[in-house]
file entry_20.tsv (TSV, C-alpha atoms)
chain	number	residue	atom	x	y	z
V	1	MET	CA	2.54	46.51	4.93
V	2	PRO	CA	5.53	47.74	2.88
V	3	ARG	CA	7.56	45.27	0.87
V	4	ALA	CA	10.88	44.14	2.31
V	5	LYS	CA	13.86	46.22	1.18
V	6	PHE	CA	15.52	43.31	-0.60
V	7	ASP	CA	12.33	42.79	-2.64
V	8	GLU	CA	12.38	46.43	-3.77
V	9	ILE	CA	16.02	46.04	-4.83
V	10	TYR	CA	15.29	42.75	-6.58
V	11	ARG	CA	12.44	44.27	-8.57
V	12	ASP	CA	14.45	47.36	-9.53
V	13	LEU	CA	17.49	45.35	-10.64
V	14	LYS	CA	15.30	42.93	-12.58
V	15	LEU	CA	13.68	45.80	-14.47
V	16	ARG	CA	17.09	47.32	-15.24
V	17	ILE	CA	18.35	43.98	-16.55
V	18	GLU	CA	15.24	43.50	-18.71
V	19	ASN	CA	15.63	47.04	-20.08
V	20	ASP	CA	19.27	46.29	-20.98
V	21	GLU	CA	20.67	48.92	-18.61
V	22	TYR	CA	23.06	46.15	-17.58
V	23	PRO	CA	24.10	44.44	-20.85
V	24	GLN	CA	23.90	40.67	-21.15
V	25	GLY	CA	27.19	39.01	-20.26
V	26	GLU	CA	28.49	42.00	-18.29
V	27	LEU	CA	29.10	42.23	-14.56
V	28	LEU	CA	26.62	44.09	-12.39
V	29	PRO	CA	27.91	46.74	-9.94
V	30	SER	CA	29.67	45.33	-6.88
V	31	GLU	CA	27.88	44.56	-3.62
V	32	ASN	CA	29.46	47.64	-2.05
V	33	GLU	CA	28.31	49.87	-4.91
V	34	LEU	CA	24.75	48.52	-4.81
V	35	ALA	CA	24.61	48.77	-1.01
V	36	ALA	CA	25.58	52.44	-1.30
V	37	THR	CA	23.09	53.07	-4.12
V	38	TYR	CA	20.15	51.51	-2.28
V	39	GLU	CA	21.30	52.63	1.20
V	40	CYS	CA	21.17	49.15	2.64
V	41	SER	CA	23.44	46.39	3.93
V	42	ARG	CA	25.44	44.04	1.71
V	43	ASN	CA	23.40	41.17	3.09
V	44	THR	CA	20.22	42.81	1.76
V	45	VAL	CA	21.86	43.10	-1.67
V	46	ARG	CA	22.85	39.41	-1.49
V	47	ARG	CA	19.23	38.39	-0.82
V	48	ALA	CA	18.08	40.35	-3.89
V	49	MET	CA	20.83	38.76	-5.99
V	50	ALA	CA	19.88	35.30	-4.75
V	51	GLN	CA	16.32	35.88	-5.95
V	52	LEU	CA	17.55	37.05	-9.36
V	53	ALA	CA	19.85	34.03	-9.59
V	54	SER	CA	17.00	31.64	-8.78
V	55	GLU	CA	15.07	33.05	-11.77
V	56	GLY	CA	17.99	32.82	-14.19
V	57	TYR	CA	18.75	36.53	-14.42
V	58	VAL	CA	22.26	36.52	-12.96
V	59	GLN	CA	25.08	34.12	-12.17
V	60	PRO	CA	27.05	34.82	-8.96
V	61	MET	CA	30.75	34.00	-9.28
V	62	HIS	CA	32.61	33.56	-6.01
V	63	GLY	CA	35.17	36.34	-5.62
V	64	ARG	CA	34.51	37.74	-9.10
V	65	GLY	CA	31.10	39.41	-8.90
V	66	VAL	CA	27.72	38.76	-10.48
V	67	ARG	CA	27.21	38.38	-14.23
V	68	ASN	CA	24.02	39.19	-16.15
V	69	ILE	CA	22.93	35.98	-17.95
V	70	TYR	CA	19.40	37.11	-18.81
V	71	SER	CA	18.14	36.57	-22.35
V	72	PRO	CA	14.57	37.40	-23.43
V	73	THR	CA	12.47	34.60	-24.88
V	74	GLY	CA	9.83	34.83	-27.57
V	75	GLY	CA	6.20	34.96	-26.54
V	76	ALA	CA	5.06	35.25	-22.95
V	77	THR	CA	7.15	33.24	-20.53
V	78	PHE	CA	6.03	32.28	-17.04
V	79	ILE	CA	8.23	31.08	-14.19
V	80	ILE	CA	7.92	27.60	-12.71
V	81	GLY	CA	9.95	28.24	-9.57
V	82	GLY	CA	8.49	31.61	-8.63
V	83	ILE	CA	5.08	33.01	-7.73
V	84	GLU	CA	4.09	36.06	-9.73
V	85	SER	CA	0.84	37.72	-10.65
V	86	PHE	CA	-0.41	38.14	-14.21
V	87	LYS	CA	0.36	41.85	-13.89
V	88	GLU	CA	3.94	41.12	-12.83
V	89	SER	CA	4.46	38.61	-15.65
V	90	ALA	CA	3.16	41.17	-18.16
V	91	VAL	CA	5.67	43.76	-16.93
V	92	ARG	CA	8.51	41.22	-17.02
V	93	ASN	CA	7.56	40.14	-20.56
V	94	GLN	CA	7.15	43.79	-21.60
V	95	ARG	CA	3.59	43.20	-22.81
V	96	ASN	CA	0.46	45.32	-22.64
V	97	ALA	CA	-1.96	43.31	-20.53
V	98	SER	CA	-5.65	43.50	-19.73
V	99	THR	CA	-8.14	41.43	-17.75
V	100	GLN	CA	-11.84	40.86	-18.27
V	101	VAL	CA	-13.81	39.33	-15.39
V	102	LEU	CA	-16.24	36.75	-16.81
V	103	ARG	CA	-17.61	35.38	-13.53
V	104	PHE	CA	-17.60	36.57	-9.91
V	105	GLU	CA	-19.66	34.51	-7.47
V	106	GLU	CA	-19.57	32.88	-4.04
V	107	MET	CA	-19.89	29.12	-3.66
V	108	THR	CA	-19.69	26.55	-0.89
V	109	VAL	CA	-17.18	23.74	-1.26
V	110	ASP	CA	-18.81	20.32	-1.64
V	111	ALA	CA	-17.19	16.90	-1.34
V	112	ARG	CA	-16.29	16.64	-5.01
V	113	PHE	CA	-14.68	20.08	-5.22
V	114	SER	CA	-12.94	19.56	-1.87
V	115	GLU	CA	-11.11	16.53	-3.26
V	116	LYS	CA	-10.11	18.50	-6.36
V	117	SER	CA	-9.12	21.79	-4.74
V	118	GLY	CA	-7.82	20.98	-1.25
V	119	PHE	CA	-10.37	23.23	0.46
V	120	GLU	CA	-12.37	21.56	3.22
V	121	ILE	CA	-16.04	20.70	2.73
V	122	GLY	CA	-18.28	23.61	3.70
V	123	ALA	CA	-15.69	26.34	3.14
V	124	LEU	CA	-16.98	29.51	1.47
V	125	VAL	CA	-14.93	30.47	-1.59
V	126	LEU	CA	-15.14	33.19	-4.20
V	127	HIS	CA	-15.11	31.76	-7.73
V	128	ILE	CA	-13.65	34.14	-10.32
V	129	ILE	CA	-13.11	33.49	-14.02
V	130	ARG	CA	-10.86	35.97	-15.81
V	131	LEU	CA	-9.92	36.32	-19.46
V	132	ARG	CA	-6.31	37.45	-19.82
V	133	GLU	CA	-5.01	39.34	-22.84
V	134	PHE	CA	-1.49	40.17	-23.96
V	135	ASP	CA	-1.29	42.97	-26.55
V	136	ASP	CA	-5.09	42.78	-27.08
V	137	GLU	CA	-5.00	39.05	-27.87
V	138	PRO	CA	-6.91	36.70	-25.51
V	139	LEU	CA	-4.50	33.93	-24.51
V	140	ILE	CA	-5.37	32.67	-21.01
V	141	ILE	CA	-8.48	31.83	-19.03
V	142	ASP	CA	-7.91	31.81	-15.28
V	143	HIS	CA	-10.37	29.93	-13.05
V	144	ASN	CA	-9.64	31.11	-9.49
V	145	TRP	CA	-11.19	30.08	-6.19
V	146	PHE	CA	-10.23	32.26	-3.20
V	147	ARG	CA	-11.06	31.43	0.42
V	148	ARG	CA	-13.55	34.13	1.35
V	149	GLU	CA	-12.69	34.46	5.05
V	150	LEU	CA	-9.03	35.17	4.23
V	151	LEU	CA	-9.85	37.74	1.52
V	152	PRO	CA	-12.95	39.43	2.95
V	153	GLY	CA	-12.80	42.65	0.94
V	154	LEU	CA	-12.10	41.19	-2.48
V	155	THR	CA	-14.35	42.87	-5.07
V	156	LEU	CA	-14.98	42.52	-8.79
V	157	GLU	CA	-13.02	45.73	-9.37
V	158	LEU	CA	-9.98	44.34	-7.51
V	159	ALA	CA	-10.28	41.07	-9.46
V	160	ALA	CA	-10.01	43.06	-12.70
V	161	GLY	CA	-6.73	44.48	-11.44
V	162	SER	CA	-4.28	42.48	-9.33
V	163	VAL	CA	-5.59	40.26	-6.54
V	164	TYR	CA	-2.02	39.64	-5.37
V	165	ASP	CA	-1.43	43.39	-4.97
V	166	TYR	CA	-4.56	43.50	-2.79
V	167	ILE	CA	-3.41	40.51	-0.75
V	168	GLU	CA	0.08	41.85	-0.12
V	169	GLU	CA	-0.42	45.61	-0.02
V	170	GLU	CA	-3.88	45.93	1.55
V	171	LEU	CA	-4.23	42.79	3.66
V	172	GLY	CA	-0.54	42.49	4.56
V	173	MET	CA	-0.55	38.76	3.86
V	174	THR	CA	2.58	36.91	2.77
V	175	ILE	CA	2.17	34.64	-0.25
V	176	ALA	CA	4.57	31.84	0.56
V	177	THR	CA	4.15	28.60	-1.39
V	178	SER	CA	2.39	27.28	-4.48
V	179	LYS	CA	2.14	23.62	-5.48
V	180	ARG	CA	1.68	23.25	-9.25
V	181	THR	CA	0.80	20.60	-11.79
V	182	ILE	CA	1.16	21.23	-15.53
V	183	THR	CA	-0.95	19.14	-17.93
V	184	VAL	CA	-2.29	19.20	-21.47
V	185	GLU	CA	-6.08	18.87	-21.64
V	186	ARG	CA	-8.72	18.89	-24.34
V	187	ALA	CA	-10.19	22.34	-24.96
V	188	THR	CA	-13.68	22.89	-23.59
V	189	ALA	CA	-16.59	24.68	-25.20
V	190	PHE	CA	-15.91	27.55	-22.76
V	191	ASP	CA	-12.29	27.78	-23.99
V	192	GLU	CA	-13.41	27.82	-27.62
V	193	THR	CA	-16.00	30.53	-26.92
V	194	HIS	CA	-13.52	32.97	-25.42
V	195	LEU	CA	-10.25	32.16	-27.22
V	196	ASP	CA	-9.23	31.86	-30.84
V	197	LEU	CA	-7.44	28.52	-30.53
V	198	LYS	CA	-5.80	28.77	-33.98
V	199	GLY	CA	-6.90	25.26	-34.87
V	200	TYR	CA	-5.70	23.65	-31.62
V	201	ASN	CA	-8.05	21.32	-29.74
V	202	CYS	CA	-6.10	21.36	-26.47
V	203	MET	CA	-4.96	23.72	-23.72
V	204	ALA	CA	-1.91	23.85	-21.48
V	205	VAL	CA	-3.30	23.83	-17.95
V	206	VAL	CA	-1.47	24.93	-14.80
V	207	THR	CA	-3.29	23.82	-11.64
V	208	SER	CA	-2.07	25.30	-8.37
V	209	GLN	CA	-2.78	25.40	-4.65
V	210	THR	CA	-1.32	28.50	-3.00
V	211	TYR	CA	-0.62	29.06	0.70
V	212	ASP	CA	0.27	31.96	2.99
V	213	ASP	CA	3.16	31.91	5.46
V	214	ASN	CA	0.90	30.32	8.10
V	215	GLY	CA	0.36	27.30	5.87
V	216	MET	CA	-3.25	28.31	5.12
V	217	GLN	CA	-4.47	27.60	1.59
V	218	PHE	CA	-6.13	30.75	0.28
V	219	GLU	CA	-6.29	29.95	-3.45
V	220	PHE	CA	-6.95	27.15	-5.91
V	221	THR	CA	-6.44	27.99	-9.58
V	222	GLN	CA	-6.66	26.38	-12.98
V	223	SER	CA	-4.92	28.59	-15.52
V	224	ARG	CA	-5.73	27.52	-19.09
V	225	HIS	CA	-3.24	28.71	-21.73
V	226	ARG	CA	-3.48	28.67	-25.51
V	227	PRO	CA	-0.77	26.11	-26.34
V	228	ASP	CA	1.13	28.03	-29.03
V	229	TYR	CA	1.80	30.82	-26.55
V	230	PHE	CA	2.54	28.69	-23.50
V	231	ARG	CA	6.09	28.79	-22.13
V	232	PHE	CA	7.17	28.01	-18.59
V	233	GLN	CA	10.81	28.42	-17.74
V	234	ASP	CA	12.84	27.00	-14.89
V	235	VAL	CA	16.39	27.38	-13.69
V	236	ALA	CA	18.06	24.09	-12.81
V	237	THR	CA	21.31	23.61	-10.92
V	238	ARG	CA	23.33	20.44	-11.30
V	239	ARG	CA	24.35	18.77	-8.02
V	240	ARG	CA	27.00	16.15	-8.57
V	241	GLN	CA	26.59	12.98	-6.55
V	242	GLY	CA	29.08	12.76	-3.72
V	243	ALA	CA	29.96	16.46	-4.01

call {"tool": "encode", "arguments": {"input": "entry_20.tsv", "output": "structure tokens"}}
result
Amino acid sequence: MPRAKFDEIYRDLKLRIENDEYPQGELLPSENELAATYECSRNTVRRAMAQLASEGYVQPMHGRGVRNIYSPTGGATFIIGGIESFKESAVRNQRNASTQVLRFEEMTVDARFSEKSGFEIGALVLHIIRLREFDDEPLIIDHNWFRRELLPGLTLELAAGSVYDYIEEELGMTIATSKRTITVERATAFDETHLDLKGYNCMAVVTSQTYDDNGMQFEFTQSRHRPDYFRFQDVATRRRQGA
């Protein structure tokens, strides 16, 4: 299933902004110009701009256009309000990324894991552990559990690439919502075996339950980040009381 047109425009504009084709602080081309460039409606352009605004890339100004407010941050930055794959975050952060699959096995959800993950007791899930590297430095260990019946063709080779690409491009599923909790936890022996923790004894841990557009949970993940490289960014909008 092809991506929606506005998503293609959003991704292209985001890449151009990150590559400084549109300088920081300058106005982007007008809606009419972008609609002509991408051969689409102005409404489609607006949807792409709304996505960029939600991630802090641009600031729409009523009647005056859209200004580029993007500024790169040091290290690898992940987005709180959006759902992106490791591959997508690597591209956005302009980092060379690689993945090593450490574990790939099926398991049946028991009562204890059901309470932790949100999957019902007896569900068959695929447990994958992946070591993530940026610029040849191991920084993240992802513990993923995917509902097997919803991702029937998921293989070790696909897990080493992008599972989200497989979900969206091959299965035609829509990844809709992710509920996240961010904590700091003591490093485990497994963490210390696979990461150089630089003297730290803790990890930044992002736990998430992710759903498709039918409200079906297809993933439970614990993403364990080396703390000196952990940055999550959000874009907040002030809403005045009574306004």

call {"tool": "closest_residue", "arguments": {"input": "entry_20.tsv", "among": "V:Ala48, V:Glu18, V:Glu31, V:Leu102", "to": "V:Phe6", "atoms": "all atoms listed in the file"}}
result
V:Ala48

call {"tool": "atom_distance", "arguments": {"input": "entry_20.tsv", "atom1": "atom CA of V:Ala187", "atom2": "atom CA of V:Ala204"}}
result
9.1 Å

call {"tool": "atom_distance", "arguments": {"input": "entry_20.tsv", "atom1": "atom CA of V:Arg64", "atom2": "atom CA of V:Asp20"}}
result
21.1 Å

call {"tool": "closest_residue", "arguments": {"input": "entry_20.tsv", "among": "V:Ala123, V:Val101, V:Ile69, V:Ile182", "to": "V:Thr155", "atoms": "only C-alpha atoms"}}
result
V:Val101

call {"tool": "atom_distance", "arguments": {"input": "entry_20.tsv", "atom1": "atom CA of V:Arg42", "atom2": "atom CA of V:Ser30"}}
result
9.7 Å

call {"tool": "residues_around", "arguments": {"input": "entry_20.tsv", "residues": "V:Leu156", "least_positions_apart": "5", "cutoff": "12 Å", "atoms": "all atoms listed in the file", "output": "number ranges by chain"}}
result
V: 99-106, 126-130, 161-163

call {"tool": "residues_near_point", "arguments": {"input": "entry_20.tsv", "point": "(22.3, 48.7, -7.2)", "cutoff": "10 Å", "atoms": "only C-alpha atoms", "output": "PyMOL selection string"}}
result
chain V and resi 9-10+12-13+16+28-40+45+48

call {"tool": "residues_around", "arguments": {"input": "entry_20.tsv", "residues": "stretch 200-203 of chain V", "least_positions_apart": "6", "cutoff": "8 Å", "atoms": "all atoms listed in the file", "output": "ChimeraX atom specification"}}
result
/V:184-187,224-227

call {"tool": "closest_residue", "arguments": {"input": "entry_20.tsv", "among": "V:Glu26, V:Asp7, V:Asp110, V:Asp213", "to": "V:Ile175", "atoms": "all atoms listed in the file"}}
result
V:Asp213

call {"tool": "axis_aligned_box", "arguments": {"input": "entry_20.tsv", "around": "stretch 28-40 of chain V", "padding_each_side": "5 Å", "output": "AutoDock Vina command-line options"}}
result
--center_x 24.9 --center_y 48.6 --center_z -4.9 --size_x 19.5 --size_y 19.0 --size_z 25.0

call {"tool": "closest_residue", "arguments": {"input": "entry_20.tsv", "among": "V:Arg47, V:Glu133, V:Leu52, V:Gln217", "to": "V:Ala4", "atoms": "all atoms listed in the file"}}
result
V:Arg47

call {"tool": "residues_around", "arguments": {"input": "entry_20.tsv", "residues": "V:Asp196", "least_positions_apart": "5", "cutoff": "10 Å", "atoms": "only C-alpha atoms", "output": "ChimeraX atom specification"}}
result
/V:137-139,191,226

call {"tool": "residues_near_point", "arguments": {"input": "entry_20.tsv", "point": "(1.1, 25.0, -7.6)", "cutoff": "8 Å", "atoms": "only C-alpha atoms", "output": "list in words"}}
result
Thr177, Ser178, Lys179, Arg180, Thr181, Val206, Thr207, Ser208, Gln209 and Thr210 of chain V

call {"tool": "build_atoms", "arguments": {"input": "entry_20.tsv", "residues": "stretch 118-141 of chain V", "atoms": "N, CA, C and O atoms", "output": "JSON list (two decimals), keeping the file's coordinate frame"}}
result
[["chain", "number", "residue", "atom", "x", "y", "z"],
["V", 118, "GLY", "N", -8.55, 20.94, -2.52],
["V", 118, "GLY", "CA", -7.82, 20.98, -1.25],
["V", 118, "GLY", "C", -8.53, 21.77, -0.18],
["V", 118, "GLY", "O", -8.14, 21.72, 1.00],
["V", 119, "PHE", "N", -9.57, 22.53, -0.53],
["V", 119, "PHE", "CA", -10.37, 23.23, 0.46],
["V", 119, "PHE", "C", -11.26, 22.22, 1.20],
["V", 119, "PHE", "O", -11.73, 21.25, 0.61],
["V", 120, "GLU", "N", -11.53, 22.48, 2.48],
["V", 120, "GLU", "CA", -12.37, 21.56, 3.22],
["V", 120, "GLU", "C", -13.84, 21.73, 2.86],
["V", 120, "GLU", "O", -14.26, 22.81, 2.41],
["V", 121, "ILE", "N", -14.60, 20.67, 3.03],
["V", 121, "ILE", "CA", -16.04, 20.70, 2.73],
["V", 121, "ILE", "C", -16.71, 21.77, 3.61],
["V", 121, "ILE", "O", -16.45, 21.88, 4.80],
["V", 122, "GLY", "N", -17.54, 22.57, 2.98],
["V", 122, "GLY", "CA", -18.28, 23.61, 3.70],
["V", 122, "GLY", "C", -17.62, 24.98, 3.67],
["V", 122, "GLY", "O", -18.24, 25.97, 4.08],
["V", 123, "ALA", "N", -16.37, 25.05, 3.20],
["V", 123, "ALA", "CA", -15.69, 26.34, 3.14],
["V", 123, "ALA", "C", -16.36, 27.24, 2.11],
["V", 123, "ALA", "O", -16.82, 26.78, 1.06],
["V", 124, "LEU", "N", -16.42, 28.53, 2.40],
["V", 124, "LEU", "CA", -16.98, 29.51, 1.47],
["V", 124, "LEU", "C", -15.84, 30.08, 0.63],
["V", 124, "LEU", "O", -14.86, 30.59, 1.16],
["V", 125, "VAL", "N", -15.97, 29.97, -0.69],
["V", 125, "VAL", "CA", -14.93, 30.47, -1.59],
["V", 125, "VAL", "C", -15.56, 31.41, -2.61],
["V", 125, "VAL", "O", -16.76, 31.36, -2.89],
["V", 126, "LEU", "N", -14.72, 32.27, -3.15],
["V", 126, "LEU", "CA", -15.14, 33.19, -4.20],
["V", 126, "LEU", "C", -14.59, 32.66, -5.52],
["V", 126, "LEU", "O", -13.38, 32.51, -5.69],
["V", 127, "HIS", "N", -15.49, 32.32, -6.44],
["V", 127, "HIS", "CA", -15.11, 31.76, -7.73],
["V", 127, "HIS", "C", -15.04, 32.90, -8.75],
["V", 127, "HIS", "O", -16.03, 33.60, -8.98],
["V", 128, "ILE", "N", -13.85, 33.07, -9.34],
["V", 128, "ILE", "CA", -13.65, 34.14, -10.32],
["V", 128, "ILE", "C", -13.08, 33.52, -11.59],
["V", 128, "ILE", "O", -12.13, 32.74, -11.54],
["V", 129, "ILE", "N", -13.67, 33.88, -12.73],
["V", 129, "ILE", "CA", -13.11, 33.49, -14.02],
["V", 129, "ILE", "C", -12.67, 34.76, -14.73],
["V", 129, "ILE", "O", -13.46, 35.71, -14.87],
["V", 130, "ARG", "N", -11.40, 34.77, -15.19],
["V", 130, "ARG", "CA", -10.86, 35.97, -15.81],
["V", 130, "ARG", "C", -10.23, 35.64, -17.16],
["V", 130, "ARG", "O", -9.47, 34.66, -17.27],
["V", 131, "LEU", "N", -10.52, 36.45, -18.15],
["V", 131, "LEU", "CA", -9.92, 36.32, -19.46],
["V", 131, "LEU", "C", -8.71, 37.25, -19.51],
["V", 131, "LEU", "O", -8.84, 38.46, -19.27],
["V", 132, "ARG", "N", -7.55, 36.68, -19.82],
["V", 132, "ARG", "CA", -6.31, 37.45, -19.82],
["V", 132, "ARG", "C", -5.85, 37.72, -21.26],
["V", 132, "ARG", "O", -5.82, 36.81, -22.09],
["V", 133, "GLU", "N", -5.48, 38.97, -21.52],
["V", 133, "GLU", "CA", -5.01, 39.34, -22.84],
["V", 133, "GLU", "C", -3.61, 39.92, -22.77],
["V", 133, "GLU", "O", -3.28, 40.68, -21.86],
["V", 134, "PHE", "N", -2.78, 39.53, -23.72],
["V", 134, "PHE", "CA", -1.49, 40.17, -23.96],
["V", 134, "PHE", "C", -1.57, 40.88, -25.31],
["V", 134, "PHE", "O", -1.91, 40.26, -26.33],
["V", 135, "ASP", "N", -1.27, 42.19, -25.31],
["V", 135, "ASP", "CA", -1.29, 42.97, -26.55],
["V", 135, "ASP", "C", -2.61, 42.78, -27.30],
["V", 135, "ASP", "O", -2.64, 42.55, -28.53],
["V", 136, "ASP", "N", -3.72, 42.85, -26.55],
["V", 136, "ASP", "CA", -5.09, 42.78, -27.08],
["V", 136, "ASP", "C", -5.47, 41.42, -27.66],
["V", 136, "ASP", "O", -6.48, 41.30, -28.36],
["V", 137, "GLU", "N", -4.68, 40.39, -27.38],
["V", 137, "GLU", "CA", -5.00, 39.05, -27.87],
["V", 137, "GLU", "C", -5.33, 38.14, -26.69],
["V", 137, "GLU", "O", -4.46, 37.91, -25.83],
["V", 138, "PRO", "N", -6.55, 37.60, -26.61],
["V", 138, "PRO", "CA", -6.91, 36.70, -25.51],
["V", 138, "PRO", "C", -6.10, 35.41, -25.59],
["V", 138, "PRO", "O", -6.14, 34.71, -26.60],
["V", 139, "LEU", "N", -5.39, 35.08, -24.49],
["V", 139, "LEU", "CA", -4.50, 33.93, -24.51],
["V", 139, "LEU", "C", -4.71, 32.98, -23.34],
["V", 139, "LEU", "O", -4.34, 31.81, -23.43],
["V", 140, "ILE", "N", -5.28, 33.46, -22.24],
["V", 140, "ILE", "CA", -5.37, 32.67, -21.01],
["V", 140, "ILE", "C", -6.75, 32.84, -20.39],
["V", 140, "ILE", "O", -7.30, 33.95, -20.39],
["V", 141, "ILE", "N", -7.29, 31.76, -19.88],
["V", 141, "ILE", "CA", -8.48, 31.83, -19.03],
["V", 141, "ILE", "C", -8.10, 31.31, -17.65],
["V", 141, "ILE", "O", -7.69, 30.16, -17.51]]
